[in-house]
$ cat target-v5.txt   # compact mmCIF, C-alpha atoms and all ligand atoms
# COMPACT_ATOMS: atom_id res chain seq x y z
CA MET A 1 31.56 2.73 -26.33
CA GLN A 2 29.19 0.66 -24.17
CA SER A 3 26.22 -0.85 -25.96
CA THR A 4 25.38 -3.72 -23.64
CA SER A 5 21.70 -4.68 -23.43
CA PRO A 6 20.03 -3.61 -20.16
CA SER A 7 19.70 -7.21 -18.92
CA GLU A 8 23.48 -7.61 -19.10
CA ALA A 9 24.36 -4.21 -17.64
CA PHE A 10 26.54 -4.27 -14.55
CA PRO A 11 24.59 -3.08 -11.48
CA ALA A 12 25.61 0.37 -10.22
CA GLN A 13 28.75 1.30 -12.13
CA THR A 14 30.21 3.29 -9.26
CA PRO A 15 33.89 3.37 -8.25
CA ALA A 16 33.01 1.65 -4.95
CA VAL A 17 31.19 -1.23 -6.66
CA ALA A 18 34.05 -1.62 -9.17
CA GLN A 19 36.53 -1.67 -6.27
CA ILE A 20 34.51 -4.29 -4.40
CA PHE A 21 34.17 -6.46 -7.50
CA THR A 22 37.89 -6.32 -8.40
CA THR A 23 38.86 -7.01 -4.77
CA VAL A 24 36.74 -10.18 -4.79
CA LEU A 25 38.14 -11.02 -8.25
CA SER A 26 41.79 -10.76 -7.10
CA HIS A 27 41.47 -12.06 -3.54
CA GLY A 28 38.19 -13.99 -3.36
CA PRO A 29 36.44 -15.86 -1.99
CA LEU A 30 36.08 -13.23 0.73
CA THR A 31 33.46 -12.54 3.37
CA ARG A 32 31.80 -9.14 3.31
CA SER A 33 33.80 -8.02 6.33
CA GLU A 34 37.04 -9.13 4.66
CA VAL A 35 36.03 -7.07 1.60
CA ALA A 36 35.32 -4.10 3.86
CA GLU A 37 38.72 -4.50 5.51
CA ARG A 38 40.58 -4.68 2.19
CA THR A 39 38.75 -1.81 0.51
CA GLY A 40 38.43 0.48 3.50
CA LEU A 41 34.68 0.74 2.82
CA SER A 42 32.08 0.31 5.55
CA ALA A 43 30.52 -3.12 6.09
CA ALA A 44 27.12 -1.59 5.30
CA ALA A 45 28.39 -0.20 1.97
CA VAL A 46 29.84 -3.59 1.04
CA THR A 47 26.63 -5.44 1.97
CA LYS A 48 24.58 -2.95 -0.06
CA ALA A 49 26.86 -3.29 -3.12
CA VAL A 50 27.15 -7.08 -2.96
CA ARG A 51 23.39 -7.77 -2.96
CA PRO A 52 22.61 -6.64 -6.55
CA LEU A 53 25.84 -8.26 -7.77
CA ILE A 54 24.61 -11.59 -6.38
CA GLU A 55 21.10 -11.02 -7.78
CA ALA A 56 22.57 -10.35 -11.24
CA GLY A 57 24.72 -13.47 -10.96
CA TYR A 58 28.13 -11.76 -11.10
CA LEU A 59 28.98 -12.79 -7.55
CA VAL A 60 27.96 -16.03 -5.86
CA GLU A 61 27.74 -16.81 -2.20
CA ASP A 62 29.09 -20.19 -1.24
CA ALA A 63 27.02 -22.01 1.35
CA ASP A 64 29.49 -23.06 4.00
CA ASP A 65 27.98 -24.99 6.87
CA THR A 66 31.31 -25.28 8.69
CA ARG A 67 31.53 -21.51 9.02
CA ARG A 68 27.96 -21.41 10.28
CA ALA A 69 28.77 -24.11 12.84
CA LEU A 70 31.66 -21.95 14.03
CA GLY A 71 29.29 -19.06 14.55
CA ARG A 72 30.36 -17.12 11.43
CA PRO A 73 27.15 -16.70 9.50
CA ALA A 74 28.60 -14.50 6.75
CA ASN A 75 29.47 -16.76 3.86
CA PRO A 76 32.30 -15.83 1.51
CA VAL A 77 31.45 -14.45 -1.92
CA ARG A 78 33.35 -15.02 -5.15
CA VAL A 79 33.07 -13.96 -8.78
CA ASP A 80 31.08 -16.40 -10.94
CA GLY A 81 33.58 -16.75 -13.79
CA GLY A 82 31.10 -18.63 -15.95
CA ARG A 83 28.58 -15.75 -15.90
CA ALA A 84 30.02 -13.95 -18.95
CA LEU A 85 32.82 -13.99 -21.50
CA PHE A 86 35.20 -11.34 -22.84
CA VAL A 87 37.64 -11.15 -25.73
CA GLY A 88 41.13 -9.64 -25.57
CA VAL A 89 43.43 -9.02 -28.53
CA LYS A 90 47.05 -7.88 -28.47
CA ALA A 91 48.60 -6.60 -31.70
CA THR A 92 52.34 -6.93 -32.27
CA GLY A 93 54.10 -5.72 -35.42
CA ASP A 94 53.46 -8.99 -37.22
CA GLU A 95 50.83 -10.94 -35.30
CA LEU A 96 47.51 -10.75 -33.48
CA ILE A 97 47.07 -12.79 -30.31
CA GLY A 98 43.46 -13.24 -29.23
CA VAL A 99 41.95 -14.86 -26.14
CA LEU A 100 38.45 -15.66 -24.99
CA THR A 101 38.25 -15.33 -21.21
CA ASP A 102 35.57 -15.80 -18.60
CA LEU A 103 34.52 -13.12 -16.11
CA CYS A 104 37.43 -14.16 -13.85
CA CYS A 105 39.68 -13.42 -16.84
CA ARG A 106 40.73 -17.07 -17.12
CA ILE A 107 41.78 -17.89 -20.67
CA ARG A 108 39.33 -20.39 -22.24
CA VAL A 109 40.51 -20.22 -25.86
CA ALA A 110 43.61 -18.65 -27.45
CA ARG A 111 44.22 -17.99 -31.15
CA HIS A 112 46.99 -16.39 -33.21
CA LEU A 113 46.69 -14.69 -36.60
CA PRO A 114 49.64 -13.39 -38.62
CA LEU A 115 49.61 -9.73 -39.69
CA THR A 116 51.04 -9.14 -43.13
CA ASP A 117 50.23 -5.44 -43.48
CA PRO A 118 50.38 -3.01 -40.54
CA ASP A 119 48.01 -0.43 -42.09
CA PRO A 120 44.88 0.23 -40.02
CA ARG A 121 42.46 -1.22 -42.61
CA PRO A 122 44.04 -4.69 -42.96
CA VAL A 123 44.75 -4.83 -39.21
CA LEU A 124 41.09 -4.06 -38.51
CA ALA A 125 40.04 -6.77 -40.98
CA ALA A 126 42.35 -9.24 -39.21
CA ILE A 127 41.04 -8.20 -35.76
CA THR A 128 37.48 -8.73 -37.03
CA GLU A 129 38.34 -12.18 -38.39
CA LEU A 130 40.03 -13.22 -35.13
CA VAL A 131 37.18 -11.90 -32.98
CA GLN A 132 34.59 -13.67 -35.14
CA GLU A 133 36.54 -16.91 -34.71
CA LEU A 134 36.54 -16.45 -30.92
CA LEU A 135 32.83 -15.53 -30.92
CA THR A 136 32.11 -18.79 -32.73
CA GLU A 137 34.07 -20.63 -30.03
CA ALA A 138 32.11 -18.69 -27.40
CA GLU A 139 28.78 -20.11 -28.62
CA GLY A 140 29.70 -23.42 -27.01
CA PHE A 141 29.78 -21.82 -23.54
CA GLY A 142 26.15 -20.64 -23.62
CA VAL A 143 26.83 -17.26 -21.99
CA PRO A 144 27.13 -13.82 -23.62
CA VAL A 145 30.37 -12.13 -24.70
CA LEU A 146 30.15 -8.69 -23.11
CA GLY A 147 33.19 -6.81 -24.30
CA LEU A 148 36.32 -6.64 -26.42
CA GLY A 149 39.66 -5.23 -25.30
CA LEU A 150 42.30 -4.24 -27.86
CA ALA A 151 45.90 -3.69 -26.75
CA VAL A 152 48.19 -1.69 -29.02
CA SER A 153 51.66 -0.28 -28.37
CA GLY A 154 52.26 3.46 -28.30
CA ASP A 155 50.28 6.51 -27.27
CA VAL A 156 46.69 5.32 -26.77
CA ASP A 157 43.79 7.51 -25.63
CA ARG A 158 41.60 4.97 -23.86
CA ALA A 159 38.80 7.41 -23.02
CA GLN A 160 38.35 8.35 -26.69
CA GLY A 161 39.27 4.91 -28.06
CA ILE A 162 41.89 6.45 -30.34
CA VAL A 163 45.41 5.24 -31.08
CA ARG A 164 47.16 8.62 -31.14
CA TYR A 165 50.55 7.38 -32.27
CA SER A 166 51.93 3.87 -32.65
CA PRO A 167 55.41 3.84 -34.18
CA PHE A 168 55.42 0.02 -34.56
CA LEU A 169 52.28 0.01 -36.64
CA GLY A 170 52.97 3.40 -38.21
CA TRP A 171 49.59 4.67 -37.03
CA SER A 172 48.52 8.12 -35.99
CA GLU A 173 45.06 9.24 -34.88
CA VAL A 174 43.31 5.92 -35.66
CA PRO A 175 39.78 5.79 -34.07
CA LEU A 176 40.18 2.07 -33.42
CA ALA A 177 37.35 1.65 -30.89
CA GLU A 178 34.78 3.25 -33.18
CA LEU A 179 35.91 1.12 -36.14
CA ALA A 180 36.01 -2.13 -34.16
CA VAL A 181 32.57 -1.53 -32.61
CA MET A 182 31.17 -1.46 -36.15
CA THR A 183 32.96 -4.58 -37.42
CA CYS A 184 32.89 -6.71 -34.22
CA GLY A 185 29.55 -5.68 -32.71
CA LEU A 186 30.87 -5.55 -29.13
CA PRO A 187 31.62 -2.71 -26.70
CA VAL A 188 35.31 -1.97 -27.32
CA THR A 189 38.08 -0.76 -25.02
CA VAL A 190 41.39 0.28 -26.58
CA GLU A 191 44.38 0.51 -24.27
CA ASN A 192 48.15 0.78 -24.46
CA ASP A 193 49.47 -2.80 -24.44
CA VAL A 194 51.84 -2.40 -21.49
CA ARG A 195 49.11 -0.79 -19.38
CA ALA A 196 46.79 -3.69 -20.32
CA LEU A 197 49.46 -6.16 -19.18
CA THR A 198 49.83 -4.11 -15.99
CA VAL A 199 46.10 -4.56 -15.25
CA ALA A 200 46.53 -8.35 -15.57
CA GLU A 201 49.55 -8.22 -13.24
CA GLN A 202 47.60 -6.09 -10.76
CA TRP A 203 44.61 -8.42 -10.69
CA PHE A 204 46.26 -11.82 -11.00
CA GLY A 205 50.05 -11.57 -11.27
CA ALA A 206 53.06 -10.29 -9.33
CA GLY A 207 51.25 -7.04 -8.50
CA VAL A 208 48.40 -8.58 -6.47
CA GLY A 209 48.11 -6.83 -3.10
CA LEU A 210 50.61 -4.06 -3.98
CA SER A 211 49.48 -0.44 -4.04
CA ASP A 212 52.53 0.81 -5.95
CA PHE A 213 54.40 -1.16 -8.58
CA ALA A 214 55.69 -0.93 -12.13
CA VAL A 215 55.84 -3.30 -15.08
CA VAL A 216 58.79 -2.70 -17.40
CA THR A 217 58.76 -4.52 -20.72
CA VAL A 218 61.83 -5.08 -22.87
CA GLY A 219 61.84 -6.31 -26.44
CA ALA A 220 60.67 -4.63 -29.65
CA GLY A 221 60.15 -1.51 -27.52
CA ILE A 222 60.82 -0.53 -23.92
CA GLY A 223 57.52 0.05 -22.14
CA CYS A 224 56.40 0.75 -18.61
CA GLY A 225 53.08 0.45 -16.81
CA LEU A 226 52.70 2.22 -13.48
CA VAL A 227 50.37 1.52 -10.59
CA VAL A 228 50.22 4.32 -8.03
CA HIS A 229 47.90 4.07 -4.99
CA GLY A 230 46.24 1.06 -6.59
CA GLN A 231 45.46 2.82 -9.88
CA VAL A 232 47.03 2.18 -13.29
CA VAL A 233 48.31 5.61 -14.26
CA ALA A 234 47.86 6.94 -17.80
CA GLY A 235 48.69 10.56 -17.04
CA ALA A 236 47.02 13.67 -18.40
CA HIS A 237 48.23 12.91 -21.94
CA GLY A 238 48.13 9.11 -21.90
CA VAL A 239 51.89 8.70 -22.04
CA ALA A 240 52.84 8.27 -18.36
CA GLY A 241 55.70 5.85 -17.81
CA GLU A 242 57.40 6.24 -21.19
CA ILE A 243 60.80 5.21 -19.85
CA GLY A 244 61.76 4.05 -23.34
CA HIS A 245 62.22 7.73 -24.16
CA VAL A 246 64.14 8.79 -21.10
CA ALA A 247 67.32 10.21 -22.66
CA ILE A 248 70.39 8.83 -20.93
CA ASP A 249 73.12 9.63 -23.46
CA PRO A 250 72.89 12.91 -25.40
CA ALA A 251 75.59 11.64 -27.78
CA GLY A 252 73.92 8.24 -28.13
CA PRO A 253 72.25 6.71 -31.16
CA LYS A 254 69.29 8.39 -32.82
CA CYS A 255 65.87 7.29 -31.59
CA ARG A 256 62.67 6.85 -33.61
CA CYS A 257 61.20 9.69 -31.58
CA GLY A 258 63.75 12.11 -33.08
CA ASN A 259 65.94 12.47 -29.99
CA ARG A 260 69.26 10.85 -29.20
CA GLY A 261 70.31 8.30 -26.61
CA CYS A 262 66.84 7.26 -25.38
CA VAL A 263 66.73 3.95 -23.46
CA GLU A 264 64.85 2.47 -26.43
CA ALA A 265 67.54 3.63 -28.91
CA ILE A 266 70.08 1.57 -26.93
CA ALA A 267 68.12 -1.37 -25.53
CA ALA A 268 65.22 -2.24 -27.87
CA ASP A 269 65.69 -5.33 -30.06
CA ALA A 270 66.23 -3.42 -33.32
CA ALA A 271 68.69 -1.02 -31.67
CA ILE A 272 70.71 -3.92 -30.25
CA LEU A 273 70.76 -5.58 -33.66
CA ASP A 274 71.96 -2.41 -35.43
CA ARG A 275 74.69 -1.82 -32.88
CA ILE A 276 75.92 -5.43 -33.02
CA ARG A 277 76.14 -5.23 -36.81
CA GLU A 278 78.12 -2.02 -36.45
CA ALA A 279 80.38 -3.34 -33.71
CA THR A 280 81.15 -6.70 -35.33
CA GLY A 281 80.86 -5.91 -39.04
CA LEU A 282 78.91 -9.17 -39.36
CA GLU A 283 75.65 -9.78 -41.21
CA VAL A 284 73.51 -10.54 -38.18
CA ALA A 285 70.07 -11.58 -39.48
CA ASP A 286 67.90 -11.35 -36.37
CA THR A 287 67.74 -11.15 -32.59
CA ALA A 288 68.20 -14.91 -32.18
CA GLN A 289 71.51 -14.70 -34.08
CA ALA A 290 72.59 -11.66 -32.07
CA VAL A 291 71.93 -13.57 -28.84
CA ASP A 292 73.89 -16.58 -30.13
CA LEU A 293 76.83 -14.38 -31.05
CA ALA A 294 76.91 -12.80 -27.59
CA ARG A 295 76.54 -16.16 -25.84
CA GLN A 296 79.46 -17.51 -27.86
CA GLY A 297 81.48 -14.71 -26.26
CA HIS A 298 81.94 -12.34 -29.22
CA PRO A 299 83.24 -9.23 -27.40
CA GLY A 300 81.49 -6.66 -29.64
CA ALA A 301 78.12 -8.37 -29.21
CA ARG A 302 78.60 -8.78 -25.46
CA GLU A 303 79.40 -5.08 -25.04
CA VAL A 304 76.25 -4.07 -26.89
CA TYR A 305 74.12 -6.23 -24.56
CA ALA A 306 75.97 -4.85 -21.53
CA ALA A 307 75.22 -1.27 -22.67
CA ALA A 308 71.56 -2.25 -23.20
CA GLY A 309 71.44 -3.63 -19.64
CA GLU A 310 72.90 -0.40 -18.25
CA ALA A 311 70.32 1.65 -20.15
CA ILE A 312 67.44 -0.50 -18.84
CA GLY A 313 68.89 -0.35 -15.30
CA ARG A 314 68.98 3.46 -15.46
CA GLY A 315 65.44 3.52 -16.80
CA ILE A 316 64.24 1.35 -13.89
CA ALA A 317 66.16 3.50 -11.38
CA THR A 318 64.38 6.55 -12.83
CA VAL A 319 61.01 4.87 -12.25
CA ALA A 320 62.04 3.92 -8.69
CA ASN A 321 63.30 7.44 -7.92
CA LEU A 322 60.18 9.15 -9.30
CA PHE A 323 57.43 6.84 -8.02
CA GLY A 324 58.94 4.69 -5.27
CA PRO A 325 57.23 1.43 -6.29
CA GLN A 326 57.39 -1.56 -3.94
CA ARG A 327 58.24 -3.78 -6.91
CA VAL A 328 59.36 -3.51 -10.52
CA ILE A 329 58.38 -6.47 -12.70
CA ILE A 330 60.57 -6.86 -15.80
CA SER A 331 58.94 -8.76 -18.62
CA GLY A 332 58.69 -8.80 -22.42
CA GLU A 333 60.11 -10.94 -25.19
CA GLY A 334 63.55 -9.35 -24.60
CA LEU A 335 63.86 -11.52 -21.46
CA ALA A 336 65.02 -14.30 -23.81
CA ALA A 337 68.41 -12.55 -23.70
CA TYR A 338 68.21 -11.76 -19.98
CA ASP A 339 71.35 -13.73 -19.05
CA LEU A 340 73.31 -11.32 -21.28
CA PHE A 341 72.38 -8.16 -19.39
CA ALA A 342 70.86 -9.15 -16.03
CA GLU A 343 74.01 -8.23 -14.10
CA GLN A 344 74.23 -4.78 -15.74
CA ILE A 345 70.54 -4.09 -15.08
CA ARG A 346 70.94 -4.91 -11.38
CA ASP A 347 74.26 -3.09 -10.92
CA THR A 348 73.13 0.05 -12.72
CA PHE A 349 69.79 0.06 -10.93
CA THR A 350 71.57 -0.14 -7.56
CA ALA A 351 74.01 2.61 -8.54
CA TYR A 352 71.31 5.06 -9.68
CA ALA A 353 68.46 4.29 -7.30
CA PHE A 354 68.37 7.05 -4.70
CA GLY A 355 68.35 6.13 -1.00
CA SER A 356 65.48 3.85 -0.02
CA ALA A 357 64.36 3.53 -3.66
CA ALA A 358 67.10 0.88 -3.95
CA GLN A 359 64.99 -1.35 -1.67
CA CYS A 360 62.52 -1.76 -4.50
CA ASP A 361 62.16 -5.43 -5.33
CA VAL A 362 63.17 -6.00 -8.97
CA GLN A 363 61.68 -9.22 -10.37
CA THR A 364 61.72 -10.82 -13.78
CA ARG A 365 58.62 -12.55 -15.11
CA PRO A 366 58.53 -14.16 -18.53
CA LEU A 367 54.97 -13.61 -19.74
CA PRO A 368 53.84 -14.93 -23.14
CA PHE A 369 51.81 -12.71 -25.50
CA GLU A 370 48.65 -14.57 -24.40
CA GLU A 371 49.12 -12.83 -21.06
CA TRP A 372 49.15 -9.42 -22.82
CA ALA A 373 45.94 -10.43 -24.64
CA ARG A 374 44.52 -11.47 -21.26
CA GLY A 375 45.38 -7.96 -20.07
CA ALA A 376 43.37 -6.60 -23.01
CA ALA A 377 40.41 -8.73 -21.88
CA ALA A 378 40.92 -7.39 -18.33
CA THR A 379 40.53 -3.82 -19.65
CA ALA A 380 37.24 -4.89 -21.29
CA ILE A 381 36.09 -6.28 -17.91
CA GLN A 382 37.16 -2.98 -16.30
CA SER A 383 35.06 -1.01 -18.76
CA PHE A 384 32.13 -3.34 -18.20
CA ILE A 385 32.14 -2.95 -14.42
CA ARG A 386 32.68 0.78 -14.28
CA SER A 387 31.37 3.61 -16.38
CA ASP A 388 34.48 5.02 -18.04
ZN ZN A 401 63.13 8.24 -28.01
$ encode --input "target-v5.txt" --output "structure tokens"
Amino acid sequence: MQSTSPSEAFPAQTPAVAQIFTTVLSHGPLTRSEVAERTGLSAAAVTKAVRPLIEAGYLVEDADDTRRALGRPANPVRVDGGRALFVGVKATGDELIGVLTDLCCRIRVARHLPLTDPDPRPVLAAITELVQELLTEAEGFGVPVLGLGLAVSGDVDRAQGIVRYSPFLGWSEVPLAELAVMTCGLPVTVENDVRALTVAEQWFGAGVGLSDFAVVTVGAGIGCGLVVHGQVVAGAHGVAGEIGHVAIDPAGPKCRCGNRGCVEAIAADAAILDRIREATGLEVADTAQAVDLARQGHPGAREVYAAAGEAIGRGIATVANLFGPQRVIISGEGLAAYDLFAEQIRDTFTAYAFGSAAQCDVQTRPLPFEEWARGAAATAIQSFIRSD
């Protein structure tokens, strides 16, 4: 889906160059030998890759006379954030969150737009409107916008740019990249929203410097992004890490996927709400009210949150047992209720994590939807620097 003009093309879209660039992006400024050390590439390979990146203005070398005085002639290089701009958009069930970022993926402008109709056509129209608004803002920066990243929940085929199945939006087989290229006029990358967030965490967040970690999101759905050996894993069918559909109770409530007792059928926001209504017989309007009820000590509501925490804890233990990540980062809008199930998540995780997997560091990180949109922009930067 790349249609960048030759003058803006990234020099040598090889895996090594992409690795060098993202290493400088996450850890820079770095000297060439520090880059070589971190990437495991030879100093000669790094020097060769860095030169055209400096010539094209994507990396800059800082003149540092102190280093020279100390007999270290190699100046550190860093990414020139102001060289280019990118747009990232995250779609939730009822809202679009869009950000304009620089090449360092720093958010320069953020905008929200409500979604009234989840059908592909109106959502595409809303995406186009939001992107146009951000492109207008971009004019003030005087540098080109080189890509658009779109983050959508569900089964997303990034290589083909197709949303295979998104239960939240009720989409199946939507060629979103192709459609958005036509209406937005930018190269488009479409990625699963949790994987997009995972890229942002890997480059700038709690995953920096880790070769193996997972991001587990709780809220409207239960998602999971996996990084194995430094790579965000999509799997052969694009659905790697679907812990929301790990079945933990065959007699449990029915899931949207058609099975019973999935983690998502017990611990997603809508599932919690349904079960609290059932358990208490009360008209609970929304998640905020459900949280209030549980915090006031209503036993039925508290039990439902405790069961949700156990389900999430078992899901995280499954991830730890299968992939052995150094860290699991729990995030998502569901963290607003974290005090109601934190203990159960930790206890269940410890009980089900096998052997050394229990040493995995489980962290919580409240990340606003702008951060997910930033992840979408990060996927656009990824596509720009490497030929997908
Ligand atoms: Zn399911």
$ atom_distance --input "target-v5.txt" --atom1 "atom CA of Gly170 of chain A" --atom2 "atom CA of Asp94 of chain A"
12.4 Å
$ closest_residue --input "target-v5.txt" --among "A:Arg374, A:Gly205, A:Thr39, A:Ile385" --to "Arg108 of chain A" --atoms "all atoms listed in the file"
A:Arg374
$ closest_residue --input "target-v5.txt" --among "A:Asp286, A:Asp361, A:Asp249, A:Glu371" --to "ligand ZN 401 (chain A)" --atoms "only C-alpha atoms and all ligand atoms"
A:Asp249
$ closest_residue --input "target-v5.txt" --among "A:Gln202, A:Gln231, A:Asn259, A:Thr350" --to "ligand ZN 401 (chain A)" --atoms "only C-alpha atoms and all ligand atoms"
A:Asn259
$ residues_near_ligand --input "target-v5.txt" --ligand "ligand ZN 401 (chain A)" --cutoff "10 Å" --atoms "all atoms listed in the file" --output "PyMOL selection string"
chain A and resi 222+242-247+253-266
$ closest_residue --input "target-v5.txt" --among "A:Ala306, A:Ala358, A:Val145, A:Ala151" --to "Pro187 of chain A" --atoms "only C-alpha atoms"
A:Val145
$ residues_around --input "target-v5.txt" --residues "Arg164 of chain A" --least-positions-apart "3" --cutoff "9 Å" --atoms "only C-alpha atoms" --output "PyMOL selection string"
chain A and resi 154-157+171-175
$ build_atoms --input "target-v5.txt" --residues "segment 141-149 of chain A" --atoms "all heavy atoms" --output "short mmCIF file (atom, residue, chain, number, x, y, z; two decimals), in the coordinates of the input"
data_model
loop_
_atom_site.label_atom_id
_atom_site.label_comp_id
_atom_site.auth_asym_id
_atom_site.auth_seq_id
_atom_site.Cartn_x
_atom_site.Cartn_y
_atom_site.Cartn_z
N PHE A 141 29.81 -22.03 -24.99
CA PHE A 141 29.78 -21.82 -23.54
C PHE A 141 28.38 -21.41 -23.05
O PHE A 141 28.11 -21.42 -21.86
CB PHE A 141 30.80 -20.75 -23.13
CG PHE A 141 32.23 -21.19 -23.29
CD1 PHE A 141 32.90 -21.01 -24.50
CD2 PHE A 141 32.90 -21.79 -22.24
CE1 PHE A 141 34.22 -21.42 -24.65
CE2 PHE A 141 34.22 -22.20 -22.38
CZ PHE A 141 34.88 -22.02 -23.60
N GLY A 142 27.54 -20.97 -23.98
CA GLY A 142 26.15 -20.64 -23.62
C GLY A 142 25.97 -19.40 -22.77
O GLY A 142 24.93 -19.24 -22.14
N VAL A 143 26.98 -18.55 -22.70
CA VAL A 143 26.83 -17.26 -21.99
C VAL A 143 27.28 -16.13 -22.92
O VAL A 143 28.06 -16.37 -23.85
CB VAL A 143 27.64 -17.21 -20.67
CG1 VAL A 143 27.00 -18.08 -19.60
CG2 VAL A 143 29.09 -17.59 -20.88
N PRO A 144 26.81 -14.90 -22.68
CA PRO A 144 27.13 -13.82 -23.62
C PRO A 144 28.58 -13.35 -23.54
O PRO A 144 29.23 -13.47 -22.49
CB PRO A 144 26.19 -12.70 -23.17
CG PRO A 144 25.94 -12.97 -21.72
CD PRO A 144 25.94 -14.46 -21.59
N VAL A 145 29.08 -12.83 -24.67
CA VAL A 145 30.37 -12.13 -24.70
C VAL A 145 30.04 -10.65 -24.52
O VAL A 145 29.28 -10.09 -25.29
CB VAL A 145 31.11 -12.37 -26.04
CG1 VAL A 145 32.42 -11.59 -26.06
CG2 VAL A 145 31.37 -13.85 -26.24
N LEU A 146 30.60 -10.03 -23.48
CA LEU A 146 30.15 -8.69 -23.11
C LEU A 146 31.13 -7.57 -23.42
O LEU A 146 30.84 -6.40 -23.15
CB LEU A 146 29.79 -8.65 -21.62
CG LEU A 146 28.63 -9.56 -21.20
CD1 LEU A 146 28.33 -9.40 -19.72
CD2 LEU A 146 27.38 -9.27 -22.02
N GLY A 147 32.28 -7.90 -23.99
CA GLY A 147 33.19 -6.81 -24.30
C GLY A 147 34.44 -7.30 -25.00
O GLY A 147 34.80 -8.48 -24.93
N LEU A 148 35.08 -6.36 -25.69
CA LEU A 148 36.32 -6.64 -26.42
C LEU A 148 37.36 -5.62 -25.99
O LEU A 148 37.10 -4.41 -25.97
CB LEU A 148 36.05 -6.52 -27.93
CG LEU A 148 37.25 -6.41 -28.88
CD1 LEU A 148 38.09 -7.69 -28.83
CD2 LEU A 148 36.78 -6.16 -30.32
N GLY A 149 38.55 -6.11 -25.63
CA GLY A 149 39.66 -5.23 -25.30
C GLY A 149 40.74 -5.36 -26.36
O GLY A 149 41.08 -6.48 -26.76
#
